[in-house]
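As provided, structure.cif (mmCIF, C-alpha atoms) reads as follows.
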data_coords
loop_
_atom_site.label_atom_id
_atom_site.label_comp_id
_atom_site.auth_asym_id
_atom_site.auth_seq_id
_atom_site.Cartn_x
_atom_site.Cartn_y
_atom_site.Cartn_z
CA MET A 174 20.13 -19.14 38.35
CA LYS A 175 19.87 -16.62 35.54
CA ALA A 176 17.18 -17.42 33.01
CA GLN A 177 18.30 -17.77 29.43
CA GLU A 178 16.86 -15.46 26.82
CA ARG A 179 14.42 -17.19 24.50
CA THR A 180 15.37 -17.32 20.84
CA ILE A 181 13.76 -18.59 17.65
CA ILE A 182 16.09 -21.61 17.52
CA SER A 183 16.95 -23.36 20.78
CA ASN A 184 20.14 -25.28 21.58
CA TYR A 185 18.17 -28.49 21.24
CA ASP A 186 17.14 -27.56 17.68
CA LEU A 187 20.77 -26.83 16.76
CA LYS A 188 21.64 -30.45 17.52
CA LYS A 189 19.67 -31.48 14.45
CA PRO A 190 21.95 -31.42 11.35
CA GLY A 191 19.34 -29.90 9.05
CA THR A 192 18.45 -27.12 11.48
CA ARG A 193 22.11 -26.42 12.27
CA TRP A 194 23.11 -26.03 8.60
CA GLY A 195 20.04 -23.90 7.94
CA TYR A 196 21.06 -21.68 10.84
CA TYR A 197 24.60 -21.34 9.46
CA LEU A 198 23.24 -20.52 6.00
CA MET A 199 20.95 -17.87 7.45
CA ASN A 200 23.87 -16.23 9.27
CA LEU A 201 25.95 -16.35 6.09
CA LEU A 202 23.18 -14.55 4.18
CA VAL A 203 22.98 -11.90 6.90
CA VAL A 204 26.74 -11.32 6.69
CA ILE A 205 26.58 -11.05 2.88
CA MET A 206 23.72 -8.54 3.08
CA MET A 207 25.60 -6.53 5.69
CA CYS A 208 28.71 -6.40 3.48
CA CYS A 209 26.63 -5.28 0.50
CA MET A 210 25.21 -2.39 2.54
CA VAL A 211 28.46 -1.37 4.28
CA TYR A 212 30.68 -1.58 1.18
CA PRO A 213 29.33 1.58 -0.57
CA ILE A 214 29.74 3.57 2.64
CA LEU A 215 33.35 2.42 3.05
CA ILE A 216 34.12 3.15 -0.60
CA SER A 217 32.73 6.66 -0.28
CA MET A 218 34.66 7.32 2.93
CA LEU A 219 37.96 5.96 1.60
CA ASN A 220 37.64 7.71 -1.77
CA GLY A 221 37.20 10.92 0.14
CA LEU A 222 40.66 10.33 1.64
CA LYS A 223 42.41 9.70 -1.71
CA ALA A 224 44.04 12.04 -4.18
CA ASN A 225 41.82 12.85 -7.14
CA SER A 226 44.17 11.05 -9.55
CA GLU A 227 43.94 7.89 -7.44
CA VAL A 228 40.15 7.99 -7.44
CA ASN A 229 40.21 8.06 -11.25
CA SER A 230 42.91 5.39 -11.57
CA PHE A 231 42.33 1.93 -13.00
CA PRO A 232 42.39 -0.63 -11.57
CA PRO A 233 40.84 1.07 -8.55
CA THR A 234 42.41 0.80 -5.12
CA PHE A 235 40.51 0.08 -1.91
CA PHE A 236 42.75 1.83 0.64
CA PRO A 237 44.40 5.16 -0.21
CA LYS A 238 48.10 5.13 -1.02
CA GLU A 239 48.33 8.52 0.73
CA TRP A 240 45.77 9.64 3.28
CA HIS A 241 44.47 13.15 2.51
CA PHE A 242 42.40 14.15 5.52
CA GLU A 243 42.39 17.73 4.28
CA ASN A 244 39.84 16.65 1.67
CA TYR A 245 37.16 16.67 4.33
CA ILE A 246 38.09 20.21 5.34
CA LYS A 247 37.80 21.27 1.69
CA ALA A 248 34.48 19.44 1.46
CA TRP A 249 33.13 21.23 4.53
CA ASN A 250 34.13 24.62 3.11
CA TYR A 251 33.02 23.92 -0.48
CA ILE A 252 29.36 24.73 0.22
CA ASP A 253 27.75 26.32 3.25
CA LEU A 254 27.00 23.00 4.95
CA PRO A 255 26.01 24.53 8.34
CA MET A 256 23.31 26.66 6.66
CA TYR A 257 21.88 23.70 4.77
CA PHE A 258 22.08 21.55 7.91
CA LYS A 259 20.07 24.25 9.70
CA ASN A 260 17.47 24.39 6.94
CA THR A 261 17.08 20.61 7.02
CA MET A 262 16.59 20.66 10.78
CA MET A 263 14.06 23.48 10.44
CA ILE A 264 12.06 21.31 8.06
CA PHE A 265 12.33 18.33 10.42
CA VAL A 266 11.32 20.24 13.54
CA GLY A 267 8.40 21.96 11.79
CA ASN A 268 7.13 18.70 10.30
CA MET A 269 7.42 17.02 13.69
CA VAL A 270 5.45 19.77 15.43
CA VAL A 271 2.71 19.50 12.80
CA THR A 272 2.70 15.71 13.17
CA VAL A 273 2.27 15.93 16.95
CA ILE A 274 -0.37 18.65 16.97
CA VAL A 275 -2.43 17.95 13.83
CA LEU A 276 -2.08 14.19 13.37
CA GLY A 277 -1.80 13.51 17.09
CA LEU A 278 -5.03 15.39 17.87
CA ALA A 279 -6.77 13.80 14.88
CA ALA A 280 -5.76 10.32 16.02
CA TYR A 281 -6.86 11.12 19.57
CA ALA A 282 -10.24 12.33 18.36
CA LEU A 283 -10.82 9.25 16.21
CA SER A 284 -9.70 6.93 18.99
CA LYS A 285 -11.02 8.39 22.25
CA MET A 286 -13.74 10.94 21.42
CA LEU A 287 -17.35 10.54 20.31
CA VAL A 288 -17.06 11.85 16.77
CA PRO A 289 -20.02 11.57 14.37
CA MET A 290 -19.31 9.18 11.48
CA LYS A 291 -15.96 8.29 13.03
CA SER A 292 -15.47 5.13 10.98
CA ALA A 293 -16.33 6.89 7.70
CA ILE A 294 -13.83 9.64 8.42
CA TYR A 295 -11.15 7.12 9.36
CA TYR A 296 -11.62 5.03 6.21
CA TYR A 297 -11.71 8.19 4.11
CA PHE A 298 -8.21 9.02 5.33
CA LEU A 299 -7.06 5.46 4.70
CA MET A 300 -8.31 5.63 1.11
CA THR A 301 -5.75 8.36 0.42
CA LEU A 302 -3.00 5.75 0.91
CA PHE A 303 -4.00 4.30 -2.47
CA ILE A 304 -3.55 7.65 -4.26
CA PRO A 305 -0.03 8.20 -5.70
CA ALA A 306 1.71 11.22 -4.24
CA THR A 307 2.41 12.63 -7.70
CA THR A 308 -1.32 13.06 -8.43
CA TYR A 309 -1.85 15.68 -5.72
CA MET A 310 1.49 17.45 -6.15
CA ILE A 311 0.10 20.04 -8.58
CA PRO A 312 -3.01 20.77 -6.42
CA ASN A 313 -0.71 21.23 -3.42
CA PHE A 314 1.46 23.61 -5.42
CA ILE A 315 -1.56 25.69 -6.48
CA ASN A 316 -2.96 25.80 -2.94
CA LEU A 317 0.37 26.87 -1.44
CA LYS A 318 0.77 29.53 -4.11
CA ASP A 319 -2.73 30.90 -3.44
CA LEU A 320 -1.97 30.98 0.29
CA GLY A 321 1.23 32.97 -0.34
CA LEU A 322 3.45 30.35 1.28
CA MET A 323 5.79 29.75 -1.67
CA GLY A 324 9.45 29.99 -0.69
CA SER A 325 8.86 29.62 3.06
CA PHE A 326 9.22 26.62 5.35
CA ALA A 327 5.44 26.68 5.88
CA ALA A 328 5.07 25.28 2.35
CA ILE A 329 6.77 22.12 3.62
CA TRP A 330 5.21 22.06 7.08
CA LEU A 331 1.56 22.41 6.02
CA PRO A 332 1.30 19.25 3.84
CA ALA A 333 2.92 17.24 6.65
CA GLY A 334 -0.40 17.37 8.50
CA ALA A 335 -2.07 15.18 5.85
CA ASN A 336 -0.06 11.98 6.25
CA ALA A 337 -2.61 9.15 6.40
CA PHE A 338 0.02 6.51 7.21
CA PHE A 339 1.14 8.38 10.33
CA LEU A 340 -2.51 8.84 11.30
CA LEU A 341 -3.05 5.09 10.99
CA LEU A 342 -0.12 4.29 13.27
CA LEU A 343 -1.08 6.91 15.86
CA LYS A 344 -4.76 5.96 15.94
CA THR A 345 -3.97 2.24 16.24
CA PHE A 346 -1.50 2.91 19.05
CA MET A 347 -3.97 5.10 20.98
CA ASP A 348 -6.63 2.41 20.64
CA GLY A 349 -4.49 0.33 23.00
CA ILE A 350 -4.63 2.95 25.77
CA HIS A 351 -7.38 2.15 28.28
CA VAL A 352 -10.34 4.46 27.84
CA GLU A 353 -10.97 4.44 31.62
CA ILE A 354 -7.99 6.77 32.08
CA PHE A 355 -9.60 9.44 29.92
CA GLU A 356 -13.03 8.92 31.48
CA SER A 357 -11.54 9.53 34.93
CA ALA A 358 -9.86 12.70 33.66
CA ARG A 359 -13.16 13.95 32.21
CA ILE A 360 -14.91 13.32 35.53
CA ASP A 361 -12.23 15.41 37.24
CA GLY A 362 -12.96 18.26 34.84
CA ALA A 363 -10.09 17.83 32.34
CA SER A 364 -10.73 19.07 28.82
CA GLU A 365 -9.98 16.99 25.74
CA ILE A 366 -6.94 19.13 24.95
CA ARG A 367 -5.59 18.50 28.42
CA GLY A 368 -6.39 14.81 28.11
CA PHE A 369 -4.31 14.64 24.95
CA PHE A 370 -1.28 16.57 26.12
CA GLN A 371 -1.15 15.22 29.69
CA ILE A 372 -2.32 11.63 29.15
CA ALA A 373 -2.34 10.48 25.52
CA PHE A 374 0.85 12.21 24.39
CA PRO A 375 3.10 10.97 27.26
CA LEU A 376 1.78 7.43 26.82
CA SER A 377 2.37 7.63 23.05
CA ILE A 378 6.03 8.64 23.21
CA PRO A 379 7.20 5.31 21.65
CA ILE A 380 5.13 5.78 18.49
CA PHE A 381 6.03 9.48 18.24
CA ALA A 382 9.71 8.52 18.55
CA THR A 383 9.22 6.07 15.69
CA LEU A 384 7.52 8.71 13.55
CA SER A 385 10.31 11.17 14.29
CA ILE A 386 12.76 8.82 12.55
CA PHE A 387 10.53 8.67 9.47
CA VAL A 388 10.07 12.44 9.50
CA PHE A 389 13.81 12.98 9.82
CA ALA A 390 14.56 10.57 6.97
CA THR A 391 12.08 12.41 4.74
CA ALA A 392 13.50 15.83 5.61
CA TRP A 393 17.04 14.56 5.03
CA ASN A 394 16.47 12.72 1.74
CA ASP A 395 13.66 14.54 -0.06
CA TRP A 396 14.93 16.96 -2.69
CA PHE A 397 12.25 17.05 -5.40
CA TRP A 398 9.48 18.93 -3.58
CA PRO A 399 11.76 21.40 -1.71
CA SER A 400 13.75 22.14 -4.89
CA PHE A 401 10.93 24.15 -6.46
CA ILE A 402 8.79 25.04 -3.43
CA LEU A 403 11.47 26.74 -1.28
CA SER A 404 13.61 29.79 -1.87
CA GLN A 405 17.36 29.38 -2.30
CA GLU A 406 18.21 30.44 1.27
CA ASN A 407 15.69 27.94 2.71
CA LYS A 408 16.59 24.88 0.65
CA PRO A 409 17.70 21.77 2.57
CA LEU A 410 20.92 19.80 2.32
CA SER A 411 19.57 17.30 -0.21
CA VAL A 412 18.88 20.06 -2.75
CA ALA A 413 22.33 21.58 -2.16
CA ILE A 414 23.97 18.20 -2.77
CA ARG A 415 22.13 17.81 -6.06
CA ASP A 416 22.82 21.38 -7.26
CA PHE A 417 26.39 21.92 -6.09
CA VAL A 418 27.86 18.40 -5.89
CA LEU A 419 26.14 15.88 -8.17
CA ASN A 420 25.57 18.42 -10.98
CA ALA A 421 28.91 20.16 -10.56
CA ARG A 422 31.23 19.89 -13.59
CA ARG A 423 34.56 21.02 -12.16
CA LEU A 424 34.48 19.42 -8.72
CA ASP A 425 37.09 16.73 -8.03
CA LEU A 426 35.72 13.28 -7.33
CA ASN A 427 37.54 12.92 -4.02
CA ILE A 428 35.85 16.08 -2.73
CA ARG A 429 32.50 14.80 -3.94
CA PHE A 430 32.97 11.56 -2.04
CA ALA A 431 34.05 13.49 1.05
CA ILE A 432 30.92 15.65 0.94
CA LEU A 433 28.68 12.61 0.44
CA THR A 434 30.35 10.86 3.38
CA ILE A 435 29.76 13.86 5.64
CA VAL A 436 26.11 13.87 4.61
CA MET A 437 25.70 10.12 5.25
CA VAL A 438 27.07 10.13 8.79
CA PRO A 439 24.25 11.92 10.75
CA PRO A 440 21.33 9.73 9.59
CA ILE A 441 23.35 6.56 10.15
CA ILE A 442 24.19 7.59 13.71
CA ILE A 443 20.61 8.62 14.45
CA PHE A 444 19.21 5.37 13.06
CA LEU A 445 21.67 3.22 15.03
CA PHE A 446 20.82 5.12 18.21
CA PHE A 447 17.02 5.07 17.77
CA GLN A 448 16.53 1.74 16.00
CA LYS A 449 14.98 0.18 19.11
CA PHE A 450 12.30 2.89 19.08
CA ILE A 451 11.49 2.11 15.45
CA LEU A 452 10.93 -1.60 16.09
CA ARG A 453 9.15 -1.05 19.39
CA GLY A 454 6.95 1.72 18.04
CA LEU A 455 5.88 -0.25 14.98
CA TYR A 456 5.22 -3.32 17.16
CA LEU A 457 3.11 -1.38 19.67
CA GLY A 458 1.39 0.50 16.87
CA GLY A 459 0.43 -2.69 15.07
CA VAL A 460 -3.12 -3.93 14.82
CA LYS A 461 -4.19 -5.40 18.15
CA GLY A 462 -6.48 -8.37 18.28
#

Represent the structure of the file as structure tokens.
Amino acid sequence: MKAQERTIISNYDLKKPGTRWGYYLMNLLVVIMMCCMVYPILISMLNGLKANSEVNSFPPTFFPKEWHFENYIKAWNYIDLPMYFKNTMMIFVGNMVVTVIVLGLAAYALSKMLVPMKSAIYYYFLMTLFIPATTYMIPNFINLKDLGLMGSFAAIWLPAGANAFFLLLLKTFMDGIHVEIFESARIDGASEIRGFFQIAFPLSIPIFATLSIFVFATAWNDWFWPSFILSQENKPLSVAIRDFVLNARRLDLNIRFAILTIVMVPPIIIFLFFQKFILRGLYLGGVKG
């Protein structure tokens, strides 16, 4: 006999009138929240399929009277979307490499190595979580300018190695890995670098997968810092959308909605595909008692 999956509310609880109506109300609230989140996406997609005059008409229509699929072709050709897609992925890949190497090694050292004043160093990093990001934006700008990194992707990659929140998640996750594994590797002559890349990193794939979603969302959505730190040919998609779409004066609204819909699709697909890694990674990276 197949065992039933355990849930928060059992079939026995649903027999109680109060619990049953509370369950129905909770499902109704979930449906309402889902509609509130899906509605803007549908409006953007459908407006991208309308004629410009219909988008500006009042009262507004939900479905297009005539379907103009060529709007999406015009939207794709309006700006160099492939180039800005490539720049965004360059930022994502570079930030992810820095996260794995810099933050991963730092978390490994704080978790599995005998580091002097380990607790003081760890809490020092955690204290930076209480500092607003805007307060160290100017010092970062001056440092990057003195290093000669202005305009290049390195100006985005380098600050990614100072994310205290990612360090917290990685260190907490690695605390749950049995230290005996690393002690056995040291007895066999493995170095700490080898212990990280051949033991800690493979066992930490769930938390790194979770962080990759956060890194991708930041690379996809952030426009303020890249807008003045990168050169024009290296700017990501978010900056291009602001400069050439949102601030454009002579661009038809239907083309604007088509461009915004194209930009919304990749992160939605990636989140739906990797959402289980987000929940699992945050659960496994939580504080263990």

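Reported to one decimal place, the separation of atom CA of Gly267 of chain A from atom CA of Arg415 of chain A is 22.9 Å.
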
Listed atoms of segment 294-313 of chain A, axis-aligned box, 8 Å per side: centre and edge lengths to one decimal in Å, as lines of an AutoDock Vina configuration file?
center_x = -5.7
center_y = 12.8
center_z = 0.4
size_x = 32.2
size_y = 32.9
size_z = 33.9

* **Spatial neighbours of Ile443 of chain A, 10 Å, all atoms listed in the file, chain gap at least 4 places, as a ChimeraX atom specification** => /A:386,389-390,438-439,447-448

Please produce, as CSV, a per-residue contact table for segment 211-275 of chain A versus segment 329-337 of chain A (criterion: any atom at most 6 Å away, all atoms listed in the file considered), showing the nearest atom pair and its distance in Å to one decimal, sorted by chain then residue number.
residue,atom,partner,partner_atom,distance
A:Gly267,CA,A:Trp330,CA,5.7
A:Asn268,CA,A:Trp330,CA,5.0
A:Val271,CA,A:Gly334,CA,5.7
A:Thr272,CA,A:Gly334,CA,5.8
A:Val275,CA,A:Gly334,CA,5.7

* Run the PyMOL selection byres ((chain A and resi 372) around 12) mentally over the shown coordinates, then write out the matched residues as a VMD selection string, using the chain letters and numbers from the document. => chain A and resid 281 285 347 350 to 359 363 to 371 373 to 378

* What residues come out when you apply the PyMOL selection byres ((chain A and resi 245-257) around 12) to this file, written as a count of residues only? -> 50

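With atom CA of Tyr297 of chain A on one side and atom CA of Ile274 of chain A on the other, the separation reads 20.1 Å.
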
* To do: List the residues matched by the PyMOL selection byres ((chain A and resi 343) around 10) in the displayed structure as JSON, numbers by chain, ordered by chain and then by residue number.
  => {"A": [272, 273, 276, 277, 278, 279, 280, 281, 284, 337, 338, 339, 340, 341, 342, 344, 345, 346, 347, 348, 377, 380, 381, 384, 454, 458, 459]}

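Atom to atom, atom CA of Phe444 of chain A and atom CA of Val211 of chain A stand 14.4 Å apart.
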
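Distance check against Lys238 of chain A using all atoms listed in the file: of A:Ser226, A:Ile216, A:Ile205, A:Leu283, the minimum falls on A:Ser226.
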
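The residue that comes closest to Met269 of chain A, out of A:Asn313, A:Thr234, A:Thr301, A:Ser385 and on the basis of all atoms listed in the file, is A:Ser385.
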
Incomplete segment 374-390 of chain A filled out to N, CA and C atoms as a PDB file, in the frame of the given file:
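Full text of rebuild-v8.pdb as output:
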ATOM      1  N   PHE A 374      -0.479  11.936  24.960  1.00  0.00           N
ATOM      2  CA  PHE A 374       0.850  12.210  24.390  1.00  0.00           C
ATOM      3  C   PHE A 374       1.974  11.543  25.187  1.00  0.00           C
ATOM      4  N   PRO A 375       2.026  11.676  26.524  1.00  0.00           N
ATOM      5  CA  PRO A 375       3.100  10.970  27.260  1.00  0.00           C
ATOM      6  C   PRO A 375       3.074   9.462  27.083  1.00  0.00           C
ATOM      7  N   LEU A 376       1.876   8.873  26.996  1.00  0.00           N
ATOM      8  CA  LEU A 376       1.780   7.430  26.820  1.00  0.00           C
ATOM      9  C   LEU A 376       2.105   6.998  25.390  1.00  0.00           C
ATOM     10  N   SER A 377       2.119   7.946  24.459  1.00  0.00           N
ATOM     11  CA  SER A 377       2.370   7.630  23.050  1.00  0.00           C
ATOM     12  C   SER A 377       3.777   8.017  22.607  1.00  0.00           C
ATOM     13  N   ILE A 378       4.662   8.267  23.560  1.00  0.00           N
ATOM     14  CA  ILE A 378       6.030   8.640  23.210  1.00  0.00           C
ATOM     15  C   ILE A 378       6.703   7.599  22.311  1.00  0.00           C
ATOM     16  N   PRO A 379       6.538   6.282  22.544  1.00  0.00           N
ATOM     17  CA  PRO A 379       7.200   5.310  21.650  1.00  0.00           C
ATOM     18  C   PRO A 379       6.821   5.465  20.187  1.00  0.00           C
ATOM     19  N   ILE A 380       5.538   5.662  19.892  1.00  0.00           N
ATOM     20  CA  ILE A 380       5.130   5.780  18.490  1.00  0.00           C
ATOM     21  C   ILE A 380       5.556   7.118  17.922  1.00  0.00           C
ATOM     22  N   PHE A 381       5.548   8.179  18.725  1.00  0.00           N
ATOM     23  CA  PHE A 381       6.030   9.480  18.240  1.00  0.00           C
ATOM     24  C   PHE A 381       7.535   9.425  17.981  1.00  0.00           C
ATOM     25  N   ALA A 382       8.274   8.683  18.801  1.00  0.00           N
ATOM     26  CA  ALA A 382       9.710   8.520  18.550  1.00  0.00           C
ATOM     27  C   ALA A 382       9.949   7.786  17.241  1.00  0.00           C
ATOM     28  N   THR A 383       9.104   6.790  16.959  1.00  0.00           N
ATOM     29  CA  THR A 383       9.220   6.070  15.690  1.00  0.00           C
ATOM     30  C   THR A 383       8.931   6.997  14.517  1.00  0.00           C
ATOM     31  N   LEU A 384       7.872   7.783  14.633  1.00  0.00           N
ATOM     32  CA  LEU A 384       7.520   8.710  13.550  1.00  0.00           C
ATOM     33  C   LEU A 384       8.588   9.777  13.353  1.00  0.00           C
ATOM     34  N   SER A 385       9.262  10.159  14.429  1.00  0.00           N
ATOM     35  CA  SER A 385      10.310  11.170  14.290  1.00  0.00           C
ATOM     36  C   SER A 385      11.445  10.679  13.400  1.00  0.00           C
ATOM     37  N   ILE A 386      11.731   9.377  13.432  1.00  0.00           N
ATOM     38  CA  ILE A 386      12.760   8.820  12.550  1.00  0.00           C
ATOM     39  C   ILE A 386      12.309   8.917  11.100  1.00  0.00           C
ATOM     40  N   PHE A 387      11.050   8.576  10.840  1.00  0.00           N
ATOM     41  CA  PHE A 387      10.530   8.670   9.470  1.00  0.00           C
ATOM     42  C   PHE A 387      10.508  10.112   8.985  1.00  0.00           C
ATOM     43  N   VAL A 388      10.112  11.025   9.871  1.00  0.00           N
ATOM     44  CA  VAL A 388      10.070  12.440   9.500  1.00  0.00           C
ATOM     45  C   VAL A 388      11.470  12.961   9.220  1.00  0.00           C
ATOM     46  N   PHE A 389      12.431  12.555  10.040  1.00  0.00           N
ATOM     47  CA  PHE A 389      13.810  12.980   9.820  1.00  0.00           C
ATOM     48  C   PHE A 389      14.354  12.430   8.507  1.00  0.00           C
ATOM     49  N   ALA A 390      14.082  11.161   8.219  1.00  0.00           N
ATOM     50  CA  ALA A 390      14.560  10.570   6.970  1.00  0.00           C
ATOM     51  C   ALA A 390      13.976  11.288   5.760  1.00  0.00           C
TER      52      ALA A 390
END
